[in-house]
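Colleague: The file below is data_18.txt, compact mmCIF, C-alpha atoms and all ligand atoms:
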# COMPACT_ATOMS: atom_id res chain seq x y z
CA MET A 18 -169.03 63.99 47.46
CA LYS A 19 -167.47 62.95 44.15
CA ILE A 20 -167.08 59.85 41.98
CA THR A 21 -163.34 59.24 41.60
CA GLY A 22 -163.47 56.38 39.09
CA GLY A 23 -164.25 52.71 38.83
CA LYS A 24 -162.88 49.24 38.13
CA VAL A 25 -164.46 46.65 35.82
CA PHE A 26 -163.90 42.93 36.32
CA VAL A 27 -164.87 40.27 33.77
CA GLY A 28 -165.03 36.65 34.88
CA GLY A 29 -166.45 34.31 37.45
CA PRO A 30 -167.11 30.66 38.26
CA GLY A 31 -168.64 29.21 35.08
CA ARG A 32 -169.81 32.66 33.97
CA ASN A 33 -168.32 35.84 32.49
CA TYR A 34 -169.81 38.12 35.15
CA VAL A 35 -169.09 41.81 34.46
CA THR A 36 -168.69 43.52 37.83
CA LEU A 37 -168.37 47.28 38.29
CA LYS A 38 -166.83 48.77 41.44
CA LEU A 39 -167.58 52.52 41.49
CA MET A 40 -165.38 54.52 43.84
CA THR A 41 -165.90 57.89 45.59
CA ASP A 42 -163.72 60.42 47.42
CA GLU A 43 -165.32 59.42 50.75
CA GLY A 44 -164.24 55.78 50.52
CA VAL A 45 -167.81 54.48 50.06
CA TYR A 46 -168.04 52.39 46.90
CA GLY A 47 -170.89 50.80 44.99
CA LEU A 48 -171.21 47.54 43.03
CA GLY A 49 -173.05 46.96 39.78
CA ASP A 50 -173.63 44.07 37.36
CA ALA A 51 -173.16 44.69 33.61
CA THR A 52 -173.26 41.04 32.54
CA LEU A 53 -174.76 40.87 29.05
CA ASN A 54 -174.95 37.15 28.33
CA ASN A 55 -172.66 36.10 25.44
CA ARG A 56 -171.49 39.69 24.78
CA GLU A 57 -169.86 40.40 28.14
CA THR A 58 -166.79 42.30 26.97
CA LEU A 59 -168.89 45.00 25.28
CA PRO A 60 -170.59 46.65 28.28
CA ALA A 61 -167.25 46.23 30.09
CA GLN A 62 -165.50 48.23 27.35
CA TYR A 63 -168.30 50.82 27.25
CA LEU A 64 -167.85 51.39 30.98
CA SER A 65 -164.05 51.56 30.92
CA ASP A 66 -163.57 53.58 27.74
CA TYR A 67 -166.43 56.04 27.90
CA LEU A 68 -168.64 56.11 30.97
CA LEU A 69 -166.29 55.91 33.96
CA PRO A 70 -164.02 58.74 32.74
CA ALA A 71 -167.14 60.86 32.05
CA LEU A 72 -168.53 60.31 35.58
CA GLU A 73 -165.41 61.47 37.43
CA GLY A 74 -166.20 64.44 39.67
CA MET A 75 -170.00 63.89 39.62
CA ASP A 76 -171.88 63.60 42.93
CA PRO A 77 -172.89 59.91 43.31
CA ARG A 78 -175.95 60.88 45.33
CA ASN A 79 -177.52 62.41 42.21
CA SER A 80 -178.47 59.01 40.76
CA GLU A 81 -181.45 60.31 38.77
CA ASP A 82 -179.46 63.10 37.09
CA ILE A 83 -176.61 60.70 36.35
CA TRP A 84 -179.05 58.23 34.76
CA GLN A 85 -180.47 61.03 32.58
CA PHE A 86 -176.92 62.08 31.70
CA LEU A 87 -176.11 58.52 30.58
CA TYR A 88 -179.36 57.96 28.66
CA ARG A 89 -179.82 61.34 26.99
CA GLY A 90 -176.09 61.96 26.66
CA ALA A 91 -175.53 58.78 24.64
CA TYR A 92 -177.47 60.36 21.77
CA PHE A 93 -177.89 56.91 20.17
CA ARG A 94 -180.44 55.57 22.65
CA ARG A 95 -181.22 52.20 24.18
CA GLY A 96 -179.79 48.84 23.14
CA PRO A 97 -178.64 46.04 25.46
CA ILE A 98 -174.94 46.93 25.51
CA ALA A 99 -175.42 50.55 26.58
CA MET A 100 -178.28 49.77 28.96
CA ALA A 101 -176.29 47.00 30.67
CA ALA A 102 -173.45 49.48 31.24
CA PHE A 103 -175.92 52.13 32.50
CA GLY A 104 -177.55 49.46 34.66
CA ALA A 105 -174.29 48.63 36.42
CA ILE A 106 -173.64 52.30 37.18
CA ASP A 107 -177.18 52.81 38.45
CA MET A 108 -177.02 49.74 40.70
CA ALA A 109 -173.71 51.00 42.10
CA LEU A 110 -175.21 54.44 42.82
CA TRP A 111 -178.14 52.87 44.69
CA ASP A 112 -175.63 50.70 46.59
CA ILE A 113 -173.73 53.86 47.60
CA LYS A 114 -176.98 55.65 48.50
CA GLY A 115 -178.03 52.82 50.77
CA LYS A 116 -174.63 52.70 52.45
CA LEU A 117 -174.73 56.46 53.06
CA ALA A 118 -178.27 56.17 54.51
CA ASN A 119 -177.27 53.02 56.41
CA MET A 120 -180.37 51.33 54.95
CA PRO A 121 -181.01 48.38 52.62
CA VAL A 122 -182.06 49.68 49.18
CA TYR A 123 -185.65 48.38 49.56
CA GLN A 124 -186.15 50.92 52.38
CA LEU A 125 -185.21 53.73 49.99
CA LEU A 126 -187.78 52.43 47.47
CA GLY A 127 -190.63 52.46 49.97
CA GLY A 128 -190.04 49.64 52.45
CA ARG A 129 -191.43 46.16 52.61
CA SER A 130 -194.60 44.96 50.88
CA ARG A 131 -193.86 41.32 51.87
CA GLN A 132 -191.49 39.18 53.88
CA GLY A 133 -190.21 36.74 51.24
CA ALA A 134 -190.41 36.82 47.44
CA MET A 135 -191.58 33.63 45.74
CA ALA A 136 -188.97 32.17 43.39
CA TYR A 137 -189.16 29.63 40.62
CA ALA A 138 -186.55 27.05 39.74
CA HIS A 139 -185.76 25.52 36.35
CA ALA A 140 -186.66 21.86 35.87
CA THR A 141 -185.76 20.17 32.62
CA GLY A 142 -185.45 16.70 31.13
CA ALA A 143 -184.49 14.93 27.95
CA ASP A 144 -187.91 13.32 28.29
CA LEU A 145 -191.03 13.76 30.42
CA GLU A 146 -189.97 11.20 33.03
CA GLU A 147 -186.65 12.94 33.67
CA LEU A 148 -188.46 16.28 33.84
CA CYS A 149 -190.94 14.91 36.39
CA ASP A 150 -188.06 13.66 38.53
CA GLN A 151 -186.55 17.16 38.57
CA VAL A 152 -189.90 18.79 39.36
CA ALA A 153 -190.35 16.38 42.28
CA GLY A 154 -186.87 17.32 43.48
CA TYR A 155 -187.68 21.03 43.57
CA VAL A 156 -191.01 20.39 45.27
CA ALA A 157 -189.12 18.43 47.92
CA GLN A 158 -186.87 21.49 48.41
CA GLY A 159 -189.94 23.61 49.13
CA TYR A 160 -190.36 25.41 45.79
CA LYS A 161 -193.91 26.57 45.15
CA ALA A 162 -193.16 27.30 41.46
CA VAL A 163 -191.14 25.42 38.84
CA ARG A 164 -190.40 26.16 35.19
CA VAL A 165 -190.75 23.03 33.07
CA GLN A 166 -188.88 22.41 29.78
CA CYS A 167 -189.04 19.00 28.12
CA GLY A 168 -187.35 17.13 25.31
CA ILE A 169 -189.70 16.74 22.32
CA PRO A 170 -189.85 13.27 20.71
CA GLY A 171 -188.50 13.39 17.17
CA MET A 172 -187.08 16.91 17.49
CA PRO A 173 -183.88 16.94 15.39
CA SER A 174 -181.83 18.33 18.33
CA ALA A 175 -182.39 19.28 21.94
CA SER A 176 -184.66 22.31 22.20
CA TYR A 177 -184.24 25.29 24.52
CA ALA A 178 -182.72 24.46 27.94
CA VAL A 179 -183.17 20.73 27.39
CA PRO A 180 -180.29 18.25 27.76
CA GLU A 181 -179.17 16.33 24.68
CA THR A 182 -179.32 13.05 26.60
CA LYS A 183 -180.80 11.91 29.91
CA GLY A 184 -178.59 12.79 32.85
CA ASP A 185 -176.62 15.38 30.88
CA ASN A 186 -176.81 18.61 32.86
CA ARG A 187 -174.95 20.65 30.22
CA HIS A 188 -178.19 22.11 28.96
CA TYR A 189 -177.50 25.62 30.03
CA MET A 190 -177.36 27.92 27.16
CA THR A 191 -173.78 29.04 26.95
CA ASP A 192 -171.08 26.73 25.60
CA PHE A 193 -167.68 28.06 26.56
CA SER A 194 -165.76 26.36 23.75
CA GLY A 195 -165.60 29.60 21.77
CA VAL A 196 -167.80 32.31 20.27
CA ARG A 197 -168.84 30.25 17.23
CA PRO A 198 -172.34 29.13 18.25
CA LYS A 199 -173.60 25.58 18.00
CA VAL A 200 -176.66 25.12 15.76
CA GLU A 201 -179.90 23.71 17.16
CA THR A 202 -182.55 22.44 14.73
CA TRP A 203 -186.15 23.24 15.58
CA ASP A 204 -189.53 22.05 14.30
CA SER A 205 -192.55 23.94 15.66
CA GLY A 206 -194.96 21.23 14.45
CA ARG A 207 -193.45 18.56 16.70
CA TYR A 208 -193.44 21.00 19.63
CA LEU A 209 -197.08 22.05 19.06
CA ARG A 210 -198.25 18.44 18.78
CA TYR A 211 -196.42 17.23 21.91
CA MET A 212 -196.14 19.98 24.51
CA PRO A 213 -199.84 20.54 25.42
CA ASP A 214 -200.22 16.88 26.47
CA ALA A 215 -196.90 16.98 28.33
CA LEU A 216 -198.00 20.06 30.30
CA ALA A 217 -201.40 18.46 31.00
CA GLU A 218 -199.59 15.35 32.28
CA LEU A 219 -197.40 17.48 34.58
CA ARG A 220 -200.50 19.18 35.99
CA ALA A 221 -202.15 15.77 36.55
CA ARG A 222 -199.07 14.41 38.32
CA PHE A 223 -198.31 17.41 40.56
CA GLY A 224 -201.82 18.60 41.34
CA PRO A 225 -203.47 22.01 41.12
CA GLU A 226 -201.36 23.93 43.68
CA LEU A 227 -197.86 23.81 42.18
CA HIS A 228 -197.18 26.82 39.95
CA LEU A 229 -196.00 25.54 36.55
CA LEU A 230 -194.24 27.92 34.18
CA HIS A 231 -193.11 27.24 30.61
CA ASP A 232 -190.78 29.21 28.34
CA VAL A 233 -191.52 29.00 24.60
CA HIS A 234 -188.40 31.09 24.03
CA HIS A 235 -189.70 33.10 21.05
CA ARG A 236 -190.09 30.00 18.86
CA LEU A 237 -193.67 30.41 17.59
CA THR A 238 -195.40 32.71 15.13
CA PRO A 239 -198.23 34.83 16.59
CA ARG A 240 -200.85 32.50 15.13
CA GLU A 241 -199.10 29.36 16.41
CA ALA A 242 -198.68 31.04 19.78
CA ALA A 243 -202.38 31.91 19.97
CA GLY A 244 -203.35 28.30 19.27
CA PHE A 245 -200.75 26.97 21.72
CA ALA A 246 -201.82 29.32 24.51
CA LYS A 247 -205.39 28.06 23.97
CA ALA A 248 -204.32 24.41 23.87
CA VAL A 249 -202.47 24.66 27.21
CA GLU A 250 -205.30 26.39 29.12
CA PRO A 251 -206.22 23.08 30.86
CA ALA A 252 -202.69 22.95 32.34
CA ASP A 253 -203.50 26.17 34.24
CA LEU A 254 -199.97 27.57 33.88
CA PHE A 255 -198.68 30.32 36.13
CA TRP A 256 -197.31 31.77 32.91
CA LEU A 257 -196.40 31.03 29.30
CA GLU A 258 -193.20 32.93 28.54
CA ASP A 259 -192.04 34.55 25.32
CA PRO A 260 -194.60 32.74 23.14
CA THR A 261 -193.63 34.83 20.11
CA PRO A 262 -190.97 37.52 19.43
CA ALA A 263 -192.34 40.74 20.92
CA GLU A 264 -190.69 43.46 18.85
CA ASP A 265 -194.11 43.37 17.21
CA GLN A 266 -196.03 44.29 20.36
CA ASP A 267 -199.32 44.18 18.42
CA ALA A 268 -198.82 40.48 17.67
CA LEU A 269 -199.71 39.74 21.27
CA ARG A 270 -203.30 40.88 20.59
CA LEU A 271 -203.92 37.61 18.73
CA ILE A 272 -202.88 35.56 21.75
CA ARG A 273 -204.94 37.69 24.13
CA HIS A 274 -207.96 37.34 21.83
CA HIS A 275 -207.83 33.54 21.78
CA ALA A 276 -206.56 32.40 25.16
CA THR A 277 -206.64 33.09 28.89
CA THR A 278 -203.24 31.52 29.62
CA PRO A 279 -201.14 34.17 31.49
CA ILE A 280 -198.38 35.65 29.32
CA ALA A 281 -194.90 36.74 30.50
CA ILE A 282 -192.58 38.76 28.28
CA GLY A 283 -189.65 41.10 28.66
CA GLU A 284 -186.27 39.54 29.41
CA VAL A 285 -184.83 40.77 26.10
CA PHE A 286 -186.20 44.30 26.58
CA ASN A 287 -183.97 47.16 27.63
CA SER A 288 -186.39 50.06 27.86
CA LEU A 289 -189.92 50.99 28.90
CA TRP A 290 -190.49 51.81 25.22
CA ASP A 291 -190.03 48.13 24.34
CA CYS A 292 -193.05 47.18 26.43
CA ASN A 293 -195.23 50.20 27.09
CA ARG A 294 -197.96 49.04 24.68
CA LEU A 295 -197.82 45.47 26.02
CA ILE A 296 -198.47 46.93 29.48
CA GLU A 297 -200.88 49.76 28.65
CA ASP A 298 -203.02 47.52 26.42
CA GLU A 299 -202.80 44.75 29.03
CA LEU A 300 -201.52 42.22 26.50
CA ILE A 301 -199.29 40.57 29.12
CA ASP A 302 -199.66 39.48 32.75
CA PHE A 303 -196.00 39.57 33.84
CA ILE A 304 -193.16 41.87 32.82
CA ARG A 305 -189.82 40.06 32.69
CA VAL A 306 -187.24 42.84 32.41
CA ALA A 307 -183.86 42.43 34.11
CA VAL A 308 -182.37 45.23 36.18
CA THR A 309 -179.10 44.89 34.23
CA TYR A 310 -180.39 44.87 30.66
CA ALA A 311 -183.10 47.48 31.36
CA GLY A 312 -180.69 50.09 32.69
CA GLY A 313 -180.82 49.72 36.45
CA ILE A 314 -183.13 50.26 39.41
CA THR A 315 -184.02 53.81 38.37
CA PRO A 316 -185.75 52.92 35.05
CA VAL A 317 -187.01 49.49 36.18
CA ARG A 318 -188.87 51.14 39.05
CA ARG A 319 -190.77 53.19 36.43
CA ILE A 320 -191.62 50.04 34.46
CA VAL A 321 -192.90 48.41 37.67
CA ASP A 322 -195.07 51.45 38.42
CA LEU A 323 -196.58 51.51 34.90
CA ALA A 324 -197.18 47.76 35.10
CA GLY A 325 -198.91 48.20 38.45
CA MET A 326 -201.44 50.55 36.87
CA HIS A 327 -202.43 47.79 34.39
CA HIS A 328 -202.71 44.61 36.51
CA VAL A 329 -199.28 43.48 35.26
CA ARG A 330 -197.04 41.86 37.86
CA THR A 331 -193.26 41.56 37.97
CA GLY A 332 -191.38 38.41 37.04
CA PHE A 333 -187.80 39.65 36.74
CA HIS A 334 -185.37 37.65 34.63
CA GLY A 335 -182.86 35.68 36.69
CA ALA A 336 -180.95 33.43 34.36
CA PRO A 337 -177.53 32.06 35.31
CA SER A 338 -175.95 35.00 33.46
CA HIS A 339 -177.04 37.40 36.20
CA SER A 340 -174.52 37.86 38.98
CA PRO A 341 -175.52 38.00 42.66
CA ILE A 342 -175.28 41.81 42.38
CA SER A 343 -178.19 42.25 39.97
CA MET A 344 -180.04 39.41 41.69
CA ALA A 345 -179.64 41.41 44.93
CA ALA A 346 -180.90 44.58 43.23
CA GLN A 347 -183.92 42.61 42.05
CA ALA A 348 -184.39 41.18 45.55
CA HIS A 349 -184.80 44.74 46.85
CA LEU A 350 -187.26 45.59 44.06
CA ASN A 351 -189.15 42.33 44.72
CA VAL A 352 -189.67 43.03 48.41
CA TRP A 353 -190.86 46.60 47.68
CA ALA A 354 -192.99 46.20 44.51
CA PRO A 355 -196.72 46.28 45.32
CA ASN A 356 -197.29 44.31 42.10
CA PHE A 357 -194.61 41.68 42.67
CA GLY A 358 -195.27 38.38 40.89
CA ILE A 359 -192.35 35.98 41.05
CA GLN A 360 -188.56 35.88 40.72
CA GLU A 361 -186.63 33.55 38.44
CA TYR A 362 -183.87 32.00 40.50
CA LEU A 363 -181.05 29.84 39.25
CA VAL A 364 -179.00 28.51 42.12
CA LEU A 365 -176.26 31.11 42.35
CA GLY A 366 -175.18 29.83 45.71
CA THR A 367 -172.28 27.66 44.65
CA PRO A 368 -169.38 27.99 47.11
CA ALA A 369 -167.24 29.61 44.38
CA CYS A 370 -169.96 32.18 43.63
CA ASP A 371 -170.51 32.87 47.32
CA ALA A 372 -166.76 33.35 47.77
CA LEU A 373 -166.67 35.92 44.97
CA PHE A 374 -169.90 37.71 46.04
CA PRO A 375 -170.37 37.26 49.81
CA SER A 376 -173.85 38.28 50.98
CA ASP A 377 -176.59 37.30 53.40
CA HIS A 378 -179.42 37.29 50.87
CA ARG A 379 -181.01 33.92 51.45
CA MET A 380 -183.22 31.36 49.66
CA GLU A 381 -185.44 29.28 51.93
CA ASP A 382 -188.38 27.03 51.01
CA GLY A 383 -188.67 28.56 47.56
CA MET A 384 -188.70 32.11 48.92
CA ILE A 385 -185.95 34.72 48.57
CA HIS A 386 -185.25 36.77 51.70
CA VAL A 387 -183.45 40.07 51.07
CA SER A 388 -180.41 41.14 53.10
CA GLU A 389 -180.90 43.86 55.73
CA ALA A 390 -177.35 45.11 55.14
CA PRO A 391 -177.01 48.73 53.92
CA GLY A 392 -177.11 49.21 50.15
CA LEU A 393 -177.54 46.17 47.89
CA GLY A 394 -176.14 43.87 50.59
CA VAL A 395 -173.53 42.15 48.40
CA HIS A 396 -169.73 42.30 48.60
CA PHE A 397 -167.10 41.55 45.96
CA ASP A 398 -163.82 39.82 46.77
CA GLU A 399 -161.19 41.29 44.42
CA ARG A 400 -158.58 38.74 45.48
CA GLU A 401 -160.99 35.95 44.56
CA ALA A 402 -161.70 37.75 41.28
CA GLU A 403 -158.04 37.35 40.28
CA ARG A 404 -158.77 33.65 39.73
CA TYR A 405 -161.05 34.41 36.80
CA ASP A 406 -160.86 35.89 33.32
CA TRP A 407 -163.15 36.21 30.31
CA VAL A 408 -163.82 32.85 28.64
CA PRO A 409 -165.22 33.10 25.08
CA GLY A 410 -168.58 31.38 24.81
CA SER A 411 -171.93 31.56 23.11
CA HIS A 412 -175.39 30.17 23.34
CA PRO A 413 -176.65 28.25 20.30
CA VAL A 414 -178.37 29.64 17.25
CA VAL A 415 -181.48 27.92 15.87
CA ARG A 416 -182.36 26.88 12.35
CA LEU A 417 -185.42 25.09 10.97
CA GLU A 418 -184.93 21.73 9.32
CA ASP A 419 -184.64 23.34 5.88
CA GLY A 420 -181.87 25.59 7.16
CA THR A 421 -183.97 28.72 7.64
CA MET A 422 -182.56 30.87 10.48
CA TRP A 423 -184.97 30.93 13.43
CA ASN A 424 -185.24 32.35 16.94
CA TYR A 425 -182.99 31.08 19.75
C1 LIG B 1 -184.22 32.24 29.52
C2 LIG B 1 -182.85 32.86 29.55
O1 LIG B 1 -184.18 32.27 31.88
C3 LIG B 1 -184.90 32.40 30.87
O2 LIG B 1 -186.11 32.65 30.90
O3 LIG B 1 -185.03 32.74 28.50
O4 LIG B 1 -182.04 32.10 30.37
C4 LIG B 1 -182.20 32.96 28.15
O5 LIG B 1 -182.21 31.69 27.55
C5 LIG B 1 -180.76 33.44 28.27
O6 LIG B 1 -180.72 34.60 29.04
C6 LIG B 1 -180.20 33.68 26.87
O7 LIG B 1 -178.90 34.18 26.92
MG MG B 2 -187.00 33.17 29.09
Translate the structure of the given file into structure tokens.

Modeller:
Amino acid sequence: MKITGGKVFVGGPGRNYVTLKLMTDEGVYGLGDATLNNRETLPAQYLSDYLLPALEGMDPRNSEDIWQFLYRGAYFRRGPIAMAAFGAIDMALWDIKGKLANMPVYQLLGGRSRQGAMAYAHATGADLEELCDQVAGYVAQGYKAVRVQCGIPGMPSASYAVPETKGDNRHYMTDFSGVRPKVETWDSGRYLRYMPDALAELRARFGPELHLLHDVHHRLTPREAAGFAKAVEPADLFWLEDPTPAEDQDALRLIRHHATTPIAIGEVFNSLWDCNRLIEDELIDFIRVAVTYAGGITPVRRIVDLAGMHHVRTGFHGAPSHSPISMAAQAHLNVWAPNFGIQEYLVLGTPACDALFPSDHRMEDGMIHVSEAPGLGVHFDEREAERYDWVPGSHPVVRLEDGTMWNY
């Protein structure tokens, strides 16, 4: 059996999804997602110019050897652009493998460890009242877990994933008016003084059972993060996400030393080497890698296994930038992983998205139920894809009030 080539599509409803269709000489094809948020054309180019021509003639069943070929053969290792391109190829090879075996991918990983996988939705608000309304809405839909992001009084501009004004739902990261990013202004002091009380108020209003998650989005220094994680202990969060930039894996020791609030990190990582110390030294409670950015099912399965040896559970990234293909790949990992934690889930199921990526993966009562179809269980409608093209966009950048560049 041989790979005969592939096609790369960029575009989608409200998103620049990067979809790979990998073809073989036996007619079976595989789908992969190479969507690297705000830099979509780059993994697409990497696939078309370099990787797909190099894969022609290889046996698609040898997914491990092909992954090693991609990783070791690149010479210059890692990085989100390369790993997103590798990830799409790896997902497509697992899709082909499942179709050949006539099994859903989770069966090839080791079968079911659970029926449904708990998901969390994103609630946000320009102020606490609007946030509480959104949380109540998700609870009414059956969600057991909700991420909460709130406007901060006095903050010079809307902070991460928060609308500028009440009722404005254009808070999601990417602005498609061009690649020149908008500038957000951030003040950690206002955030640190306001957010602990806001989270305590949410806990008081919604009771002890609802899982509350909060994303700091890399905005604090390690010391600030340690104090904040301590201050929010009474809110009993399911997790506090990205409290401080984690290139400095040691910085997380300070947080661990001062607070028991569960920590989740990893969405910006693209390799086990970005997080091995965080896992081995048990500095985090959830690993947030995404199957696209971390190079596919093959390497992510290794990260899950290492995490499982150190009481670290999964909490795969699932922002709107992920297409239903990588969300399906993660659905298979979620139902298999013995140390599954939770899955981030932004409603992908708009009619336009479903038309482009038909599948029978389903969300019910806050739980994701994986498709039993062979492979990843997602299709791709190429006719529908003709409606879309790449739209230049970017998420904001962040500066402090004195103009200092800060972390988005
Ligand atoms: C966020 C991401 O979902 C999350 O946890 O951190 O949506 C992040 O803001 C985007 O992926 C950035 O492009
Ligand atoms: Mg995040």

Colleague: Could you check the closest approach to Leu145 in chain A for each of A:Leu216, A:Gly128, A:Ser194, A:Glu81 and tell me which residue wins, using all atoms listed in the file?

Modeller: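 Looking only at the distances to Leu145 in chain A, the closest residue turns out to be A:Leu216.
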
Colleague: Given the point (-188.5, 46.5, 25.7) in the file's coordinates, find the residues that have an atom at most 10 Å from it, counting all atoms listed in the file, and give them as a ChimeraX atom specification.

Modeller: /A:95-97,263-264,266,282-295,304-306,310-311,320

Colleague: Would you list the residues that come within 8 Å of ligand MG 2 (chain B)? Count all atoms listed in the file and give the answer as a list in words.

Modeller: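 Those residues are Asp232, Val233, His234, Glu258, Asp259, Ile282, Glu284 and His334 of chain A.
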
Colleague: Which residues are near ligand LIG 1 (chain B) in this structure, taking near to mean any atom at most 9 Å from a ligand atom and counting all atoms listed in the file? Format them as a ChimeraX atom specification.

Modeller: /A:53-55,139,164,177-178,189-191,231-235,258-259,284-285,305,334-339,361-363,411-412,425

Colleague: Tell me which protein, DNA and RNA residues are within 9 Å of Cys149 in chain A, counting all atoms listed in the file, leaving out same-chain ones fewer than 5 positions away, and put them as a PyMOL selection string.

Modeller: chain A and resi 140-142+144+154+165+219+222-223

Colleague: Counting only C-alpha atoms, which residue out of A:Val163, A:Glu401, A:Gly127, A:Lys19 sits closest to Gly74 in chain A?

Modeller: A:Lys19

Colleague: Have a look at CA of Thr202 in chain A and CA of Ser174 in chain A and let me know their distance in Å, one decimal.

Modeller: 5.5 Å

Colleague: Could you please give me, as a list in words, the residues of protein, DNA or RNA lying at most 8 Å from (-161.9, 51.7, 33.5) in the coordinate frame of the file, considering all atoms listed in the file?

Modeller: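 The requested residues, written out, are Gly22, Gly23, Lys24, Val25, Gln62, Leu64, Ser65, Asp66, Leu69 and Pro70 of chain A.
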
Colleague: A:Gly49, A:Gly358, A:Gly244, A:Pro341: which is nearest Leu373 in chain A, counting all atoms listed in the file?

Modeller: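 Among the listed residues, A:Pro341 lies closest to Leu373 in chain A.
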
Colleague: When distances are computed from all atoms listed in the file, which of A:Val156, A:Met135, A:Val408, A:Ala252 shows the smallest separation from Gly332 in chain A?

Modeller: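 The shortest atom-to-atom distance to Gly332 in chain A comes from A:Met135.
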